[in-house]
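Dropping run-v3.cif in here (mmCIF, C-alpha atoms):
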data_coords
loop_
_atom_site.label_atom_id
_atom_site.label_comp_id
_atom_site.auth_asym_id
_atom_site.auth_seq_id
_atom_site.Cartn_x
_atom_site.Cartn_y
_atom_site.Cartn_z
CA MET L 1 20.49 -107.60 -3.22
CA TYR L 2 23.22 -106.85 -5.71
CA SER L 3 26.57 -108.55 -6.29
CA PHE L 4 29.95 -106.92 -5.73
CA TYR L 5 30.39 -106.69 -9.51
CA GLU L 6 27.09 -104.82 -9.83
CA TYR L 7 28.05 -102.34 -7.11
CA LEU L 8 31.32 -101.64 -8.96
CA ALA L 9 29.34 -101.11 -12.16
CA PHE L 10 26.98 -98.73 -10.35
CA PHE L 11 29.96 -96.80 -9.00
CA VAL L 12 31.46 -96.32 -12.47
CA ILE L 13 28.15 -95.38 -14.10
CA TYR L 14 27.03 -92.94 -11.42
CA ALA L 15 30.48 -91.34 -11.23
CA PHE L 16 30.15 -90.56 -14.93
CA LEU L 17 26.51 -89.43 -14.70
CA GLY L 18 27.39 -87.24 -11.71
CA TRP L 19 30.12 -85.57 -13.76
CA CYS L 20 27.59 -84.97 -16.57
CA ALA L 21 25.16 -83.41 -14.09
CA GLU L 22 27.91 -81.15 -12.68
CA VAL L 23 28.90 -80.02 -16.19
CA VAL L 24 25.31 -79.23 -17.16
CA PHE L 25 24.62 -77.38 -13.89
CA ASN L 26 27.79 -75.28 -14.10
CA THR L 27 27.38 -74.58 -17.81
CA ILE L 28 23.91 -73.19 -17.11
CA SER L 29 25.22 -71.24 -14.09
CA THR L 30 28.38 -69.78 -15.68
CA GLY L 31 27.58 -69.80 -19.38
CA HIS L 32 30.63 -71.84 -20.38
CA PHE L 33 31.98 -75.37 -20.08
CA VAL L 34 33.90 -76.26 -16.91
CA ASN L 35 35.46 -79.70 -16.45
CA ARG L 36 34.13 -80.26 -12.95
CA GLY L 37 35.37 -82.92 -10.59
CA PHE L 38 38.43 -83.74 -8.56
CA LEU L 39 39.89 -85.93 -11.31
CA LYS L 40 40.81 -85.01 -14.88
CA GLY L 41 38.62 -87.67 -16.47
CA PRO L 42 34.84 -87.35 -17.01
CA VAL L 43 34.00 -88.69 -13.56
CA CYS L 44 33.04 -87.39 -10.11
CA PRO L 45 33.77 -90.31 -7.76
CA ILE L 46 31.79 -88.77 -4.91
CA TYR L 47 28.59 -89.32 -6.92
CA GLY L 48 29.57 -92.94 -7.51
CA PHE L 49 30.23 -93.51 -3.81
CA GLY L 50 27.07 -91.62 -2.85
CA MET L 51 24.75 -93.66 -5.04
CA VAL L 52 26.40 -96.95 -4.08
CA ILE L 53 25.82 -96.09 -0.40
CA VAL L 54 22.21 -95.06 -1.08
CA VAL L 55 21.52 -98.22 -3.10
CA LEU L 56 23.21 -100.41 -0.51
CA CYS L 57 21.47 -98.91 2.51
CA LEU L 58 18.13 -97.65 1.21
CA THR L 59 16.96 -100.17 -1.39
CA PRO L 60 14.61 -101.76 1.20
CA LEU L 61 13.00 -98.30 1.65
CA GLU L 62 12.57 -97.44 -2.04
CA GLU L 63 8.78 -97.88 -1.80
CA ASN L 64 8.57 -95.30 1.00
CA GLY L 65 9.31 -91.92 -0.61
CA ALA L 66 9.57 -89.94 2.64
CA LEU L 67 12.03 -92.33 4.29
CA LEU L 68 13.99 -92.64 1.05
CA PHE L 69 14.27 -88.85 0.85
CA LEU L 70 15.33 -88.42 4.49
CA GLY L 71 17.78 -91.32 4.35
CA SER L 72 19.29 -90.08 1.09
CA MET L 73 19.62 -86.56 2.45
CA VAL L 74 21.41 -87.77 5.59
CA LEU L 75 23.71 -90.29 3.87
CA THR L 76 24.82 -87.98 1.04
CA SER L 77 25.33 -85.06 3.44
CA VAL L 78 27.49 -87.20 5.71
CA LEU L 79 29.50 -88.38 2.70
CA GLU L 80 29.98 -84.83 1.41
CA GLY L 81 30.94 -83.52 4.85
CA VAL L 82 33.40 -86.34 5.58
CA THR L 83 34.94 -86.04 2.09
CA GLY L 84 35.37 -82.28 2.42
CA TYR L 85 36.90 -82.64 5.89
CA ILE L 86 39.35 -85.35 4.77
CA LEU L 87 40.41 -83.40 1.67
CA LYS L 88 41.03 -80.31 3.79
CA LYS L 89 43.09 -82.20 6.35
CA VAL L 90 45.13 -84.05 3.73
CA PHE L 91 45.69 -81.20 1.24
CA HIS L 92 45.12 -78.20 3.56
CA THR L 93 42.58 -76.85 1.07
CA SER L 94 38.80 -76.43 1.19
CA TRP L 95 37.69 -77.49 -2.28
CA TRP L 96 34.14 -76.23 -1.77
CA ASP L 97 32.78 -73.82 0.78
CA TYR L 98 29.14 -73.35 1.76
CA SER L 99 29.94 -70.76 4.42
CA ASP L 100 27.85 -68.17 2.57
CA GLN L 101 24.83 -70.50 2.55
CA PRO L 102 22.30 -70.49 5.41
CA PHE L 103 22.22 -73.48 7.76
CA ASN L 104 25.69 -74.72 6.80
CA LEU L 105 27.94 -76.94 8.89
CA GLY L 106 31.58 -75.85 8.82
CA GLY L 107 31.17 -74.86 5.18
CA TYR L 108 31.24 -78.56 4.22
CA ILE L 109 27.50 -79.08 3.87
CA CYS L 110 24.41 -76.89 3.86
CA LEU L 111 20.67 -77.46 4.08
CA ARG L 112 19.96 -76.31 0.53
CA PHE L 113 22.23 -78.84 -1.14
CA SER L 114 21.34 -81.58 1.34
CA ILE L 115 17.71 -81.22 0.27
CA LEU L 116 18.75 -81.24 -3.40
CA TRP L 117 20.81 -84.42 -2.85
CA GLY L 118 17.81 -86.06 -1.15
CA LEU L 119 15.43 -85.14 -3.95
CA GLY L 120 17.99 -86.16 -6.57
CA CYS L 121 18.46 -89.59 -5.01
CA VAL L 122 14.69 -90.18 -4.88
CA LEU L 123 14.46 -89.26 -8.55
CA VAL L 124 17.39 -91.52 -9.46
CA MET L 125 16.08 -94.48 -7.45
CA ASP L 126 12.61 -94.18 -9.00
CA LEU L 127 13.43 -93.40 -12.64
CA ILE L 128 17.11 -93.93 -13.46
CA HIS L 129 18.33 -96.81 -11.31
CA PRO L 130 15.94 -99.54 -12.62
CA PRO L 131 17.07 -99.21 -16.28
CA ILE L 132 20.71 -99.02 -15.13
CA VAL L 133 20.25 -102.32 -13.26
CA ARG L 134 18.79 -103.91 -16.40
CA PHE L 135 21.63 -102.50 -18.50
CA VAL L 136 24.32 -103.86 -16.14
CA ARG L 137 22.71 -107.29 -16.10
CA TRP L 138 22.30 -107.26 -19.88
CA ILE L 139 26.07 -106.83 -20.47
CA PRO L 140 27.95 -110.18 -20.60
CA LEU L 141 29.76 -110.73 -17.33
CA LEU L 142 33.26 -111.10 -18.81
CA ALA L 143 32.89 -108.01 -20.99
CA GLY L 144 31.52 -106.04 -18.04
CA GLU L 145 34.37 -107.11 -15.76
CA ILE L 146 36.95 -106.06 -18.38
CA VAL L 147 35.32 -102.66 -18.90
CA ILE L 148 34.99 -102.02 -15.16
CA GLY L 149 38.59 -103.14 -14.57
CA VAL L 150 39.87 -100.74 -17.22
CA CYS L 151 37.75 -97.90 -15.82
CA LEU L 152 38.95 -98.46 -12.25
CA PHE L 153 42.56 -98.63 -13.44
CA CYS L 154 42.10 -95.30 -15.26
CA PHE L 155 40.51 -93.86 -12.11
CA ALA L 156 43.52 -94.95 -10.05
CA CYS L 157 46.01 -93.42 -12.50
CA ASP L 158 43.98 -90.22 -12.69
CA PHE L 159 43.80 -90.05 -8.90
CA TYR L 160 47.58 -90.49 -8.60
CA VAL L 161 48.29 -87.71 -11.13
CA THR L 162 45.78 -85.37 -9.50
CA VAL L 163 47.19 -85.89 -6.01
CA ALA L 164 50.73 -85.34 -7.34
CA ASN L 165 49.61 -82.07 -8.96
CA ILE L 166 47.97 -80.88 -5.74
CA LEU L 167 51.04 -81.68 -3.66
CA ARG L 168 53.20 -79.90 -6.24
CA LEU L 169 50.87 -76.89 -6.12
CA ASN L 170 51.08 -76.79 -2.32
CA ARG L 171 54.89 -76.86 -2.48
CA ARG L 172 54.85 -73.98 -4.96
CA LEU L 173 52.41 -71.99 -2.85
CA LYS L 174 54.62 -72.56 0.19
CA ARG L 175 57.73 -71.36 -1.67
CA LEU L 176 55.85 -68.37 -3.10
CA ASP L 177 54.74 -67.45 0.40
CA GLU L 178 58.31 -67.75 1.70
CA VAL L 179 59.75 -65.70 -1.16
CA SER L 180 57.04 -63.06 -0.80
CA GLY L 181 57.76 -62.83 2.94
CA LEU L 182 61.51 -62.44 2.33
CA MET L 183 60.86 -59.78 -0.33
CA PHE L 184 58.70 -57.83 2.11
CA GLN L 185 61.34 -58.19 4.85
CA LEU L 186 64.12 -56.97 2.54
CA SER L 187 61.98 -54.07 1.35
CA GLU L 188 61.43 -53.06 4.95
CA GLU L 189 65.17 -53.34 5.69
CA ILE L 190 66.09 -51.31 2.60
CA GLY L 191 63.59 -48.61 3.50
CA GLY L 192 64.75 -48.62 7.11
CA GLY L 193 68.37 -48.47 5.97
CA LEU L 194 67.71 -45.47 3.75
CA ALA L 195 65.91 -43.71 6.59
CA GLN L 196 68.73 -44.56 8.99
CA SER L 197 71.32 -43.28 6.51
CA ALA L 198 69.45 -40.02 6.09
CA LEU L 199 69.22 -39.53 9.86
CA LYS L 200 72.89 -40.33 10.41
CA LEU L 201 73.99 -37.99 7.64
CA ALA L 202 71.79 -35.28 9.08
CA GLN L 203 73.25 -35.87 12.55
CA THR L 204 76.79 -35.82 11.16
CA GLY L 205 76.04 -32.57 9.32
CA GLU L 206 74.80 -31.04 12.56
CA ARG L 207 77.94 -32.21 14.35
CA VAL L 208 80.14 -30.71 11.63
CA LYS L 209 78.22 -27.42 11.82
CA GLU L 210 78.56 -27.36 15.60
CA SER L 211 82.27 -28.14 15.33
CA SER L 212 82.71 -25.44 12.69
CA ALA L 213 81.05 -22.91 14.97
CA GLN L 214 83.31 -23.99 17.82
CA TRP L 215 86.35 -23.74 15.55
CA LYS L 216 85.51 -20.19 14.57
CA GLU L 217 84.94 -19.16 18.16
CA GLN L 218 88.10 -20.86 19.42
CA ALA L 219 90.14 -19.71 16.42
CA GLN L 220 89.46 -16.14 17.26
CA GLN L 221 90.99 -16.78 20.66
CA LYS L 222 93.88 -19.02 19.77
CA ARG L 223 93.95 -19.17 16.00
CA GLU L 224 97.40 -20.55 15.44
CA GLU L 225 97.47 -22.89 18.40
CA LEU L 226 94.18 -24.71 17.72
CA ARG L 227 94.01 -24.60 13.94
CA GLY L 228 95.83 -27.90 13.33
CA ARG L 229 93.99 -29.75 16.06
CA LEU L 230 90.54 -28.58 14.96
CA GLU L 231 91.20 -29.26 11.31
CA SER L 232 92.23 -32.85 12.09
CA LYS L 233 89.12 -33.27 14.22
CA GLY L 234 86.92 -32.06 11.36
CA GLU L 235 88.63 -34.35 8.91
CA ALA L 236 88.10 -37.31 11.28
CA LEU L 237 84.38 -36.53 11.56
CA ILE L 238 84.01 -36.27 7.80
CA GLN L 239 86.01 -39.46 7.23
CA ASP L 240 83.90 -41.34 9.82
CA ALA L 241 80.72 -40.13 8.13
CA GLU L 242 82.02 -41.26 4.73
CA GLN L 243 82.92 -44.70 6.07
CA ARG L 244 79.50 -45.15 7.64
CA LYS L 245 77.78 -43.98 4.49
CA GLN L 246 79.81 -46.42 2.39
CA ALA L 247 79.06 -49.31 4.77
CA LEU L 248 75.34 -48.58 4.66
CA PHE L 249 75.50 -48.20 0.87
CA ASP L 250 77.24 -51.59 0.50
CA SER L 251 74.68 -53.24 2.79
CA LEU L 252 71.79 -51.73 0.83
CA GLU L 253 73.30 -52.81 -2.47
CA GLN L 254 73.59 -56.39 -1.21
CA LYS L 255 69.96 -56.34 -0.07
CA LYS L 256 68.85 -54.89 -3.42
CA ALA L 257 70.69 -57.67 -5.24
CA ARG L 258 69.07 -60.29 -3.00
CA LEU L 259 65.67 -58.66 -3.57
CA ALA L 260 66.21 -58.88 -7.33
CA GLN L 261 67.09 -62.59 -7.02
CA LEU L 262 63.94 -63.26 -4.98
CA SER L 263 61.83 -61.35 -7.51
CA GLN L 264 63.23 -63.51 -10.31
CA GLU L 265 62.52 -66.69 -8.32
CA TYR L 266 58.97 -65.49 -7.61
CA GLU L 267 58.34 -64.88 -11.32
CA ARG L 268 59.91 -68.22 -12.25
CA ILE L 269 57.58 -70.11 -9.90
CA MET L 270 54.60 -68.12 -11.22
CA GLN L 271 55.57 -69.05 -14.79
CA GLU L 272 55.68 -72.78 -13.98
CA LYS L 273 52.78 -74.92 -15.10
CA MET L 274 49.92 -74.83 -12.59
CA PRO L 275 46.96 -77.25 -12.29
CA VAL L 276 44.70 -74.83 -14.16
CA ARG L 277 41.88 -77.34 -14.70
CA LEU L 278 41.65 -78.12 -10.99
CA LEU L 279 41.58 -74.43 -10.04
CA LYS L 280 38.85 -73.80 -12.63
CA ALA L 281 36.86 -76.81 -11.44
CA PHE L 282 36.93 -75.51 -7.87
CA PRO L 283 36.87 -71.69 -8.22
CA ASN L 284 35.94 -71.28 -4.53
CA ALA L 285 38.72 -73.50 -3.18
CA LYS L 286 40.58 -71.92 -0.27
CA SER L 287 44.04 -72.86 0.94
CA GLU L 288 44.23 -73.27 4.70
CA ARG L 289 47.81 -71.94 4.82
CA TYR L 290 48.50 -70.05 1.59
CA ASP L 291 45.18 -68.60 0.48
CA GLU L 292 46.72 -65.23 -0.48
CA MET L 293 49.23 -66.96 -2.76
CA LEU L 294 46.45 -69.10 -4.25
CA SER L 295 44.52 -65.91 -5.07
CA ARG L 296 47.61 -64.46 -6.76
CA VAL L 297 48.05 -67.63 -8.82
CA ARG L 298 44.40 -67.39 -9.93
CA GLU L 299 44.91 -63.73 -10.86
CA ARG L 300 48.00 -64.61 -12.90
CA ILE L 301 46.13 -67.41 -14.71
CA ALA L 302 43.23 -65.04 -15.44
CA ALA L 303 45.65 -62.39 -16.72
CA LYS L 304 47.33 -64.92 -19.05
CA LYS L 305 43.93 -66.02 -20.30
CA GLY L 306 43.02 -62.40 -21.00
CA GLU L 307 46.27 -61.84 -22.88
CA GLY L 308 45.63 -64.93 -24.96
CA LYS L 309 42.15 -63.72 -25.92
CA SER L 310 43.41 -60.25 -26.85
CA ARG L 311 45.87 -61.78 -29.26
#

Starting from the file, give its structure as structure tokens.
Amino acid sequence: MYSFYEYLAFFVIYAFLGWCAEVVFNTISTGHFVNRGFLKGPVCPIYGFGMVIVVLCLTPLEENGALLFLGSMVLTSVLEGVTGYILKKVFHTSWWDYSDQPFNLGGYICLRFSILWGLGCVLVMDLIHPPIVRFVRWIPLLAGEIVIGVCLFCFACDFYVTVANILRLNRRLKRLDEVSGLMFQLSEEIGGGLAQSALKLAQTGERVKESSAQWKEQAQQKREELRGRLESKGEALIQDAEQRKQALFDSLEQKKARLAQLSQEYERIMQEKMPVRLLKAFPNAKSERYDEMLSRVRERIAAKKGEGKSR
């Protein structure tokens, strides 16, 4: 059995080694460096937790490769699934999605990676864990406690900053979604207003034409008697049409001004600093509520990156 201090040391070491493995895997897959992991620092805590759980629960089975593999596969899959579920419920975002993989469960876990986790844990327990145990026990206790304390403090600070950035991103996505919805609504109202104005003007023109025809017909009968009355009626129709046109014009101008304000606010939010590293680390992350806005933010970041390269 291991002491509490040793389990903390294992957590720190495997969190770092897990980050290294993620970087190597993604560099080979994408052809460029990506700072993987939920935190900014060179750590992936889920690997630390995963190996601590495996070491804690499966050390008695390390001589039995089959049971060690099955136990590791189950434990790491449960950890990954629970972590993904909690992150989605807390931040309303799926940070990884295995929905395109066969035999997946809710997109949180899939058979392919579960098997890889099981094989990886067997490899680590057989080849990597024994020298790590010797290394941890070789370090003087006081020095080890200081190093682990500093590392855990840095983890906590990093976690706080990361969570703050995610919450800030969610607030921005929410406001972008609201502004985009208002812009669409105003665009619809402006378009509808223009169509309504055109119809009303056309109807008024028809009414004036009809009245003009009536005037001519009646004027032939009683020219002098009806001239004043018909002329005042025509003037009233024209004046009413002008008033309605002006009212619609004023309303449209106000909506255009509001639309311009919303466009400026939309651009201002887009120009604000976004958690670029986190979005790069999880390129398949999907927002439960504002996925369209998240896609637009990614497109804007990619466009800025392209502009920077062209310069």

Between L:Leu17, L:Met270, L:Val179, L:Ala303, which has the minimum distance to Cys44 of chain L (counting all atoms listed in the file)? L:Leu17

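Distances here use only C-alpha atoms; by that measure, the residue among L:Met1, L:Val52, L:Leu262, L:Val297 closest to Leu182 of chain L is L:Leu262.
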
Using atom CA of Asp97 of chain L and atom CA of Tyr85 of chain L as the two end points, give the distance in Å to one decimal. 11.0 Å

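Restricting the calculation to only C-alpha atoms, the smallest distance between Trp95 of chain L and any of L:Lys304, L:Lys174, L:Lys286, L:Arg298 is found for L:Lys286.
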
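Here the question is which of L:Val82, L:Met293, L:Leu252, L:Cys151 gets nearest to Gly107 of chain L using all atoms listed in the file, and that residue is L:Val82.
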
Close residues, Ser287 of chain L itself excluded, 9 Å, all atoms listed in the file, min 5 positions apart in chain, as a ChimeraX atom specification: /L:88,91-95,170,292-294

Just C-alpha atoms for this one: save the residues we selected as a short mmCIF file (atom, residue, chain, number, x, y, z; two decimals), in the frame of the given file.
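As a result, part.cif now contains:
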data_model
loop_
_atom_site.label_atom_id
_atom_site.label_comp_id
_atom_site.auth_asym_id
_atom_site.auth_seq_id
_atom_site.Cartn_x
_atom_site.Cartn_y
_atom_site.Cartn_z
CA LYS L 88 41.03 -80.31 3.79
CA PHE L 91 45.69 -81.20 1.24
CA HIS L 92 45.12 -78.20 3.56
CA THR L 93 42.58 -76.85 1.07
CA SER L 94 38.80 -76.43 1.19
CA TRP L 95 37.69 -77.49 -2.28
CA ASN L 170 51.08 -76.79 -2.32
CA GLU L 292 46.72 -65.23 -0.48
CA MET L 293 49.23 -66.96 -2.76
CA LEU L 294 46.45 -69.10 -4.25
#

Please expand the PyMOL selection byres ((chain L and resi 129) around 12) into the concrete residues it hits in this file, giving the result as an NGL selection string. :L and (6-7 or 9-11 or 13-14 or 17 or 51-52 or 54-55 or 59 or 62 or 120-128 or 130-136)

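Atom CA of Arg36 of chain L is positioned 7.5 Å from atom CA of Phe282 of chain L.
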
Residues matched by the PyMOL selection byres ((chain L and resi 258) around 12), written as number ranges by chain: L: 179, 182-187, 189-190, 251-257, 259-265

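Closest approach to Leu87 of chain L among L:Ile146, L:Leu173, L:Phe38, L:Gly48: L:Phe38, based on all atoms listed in the file.
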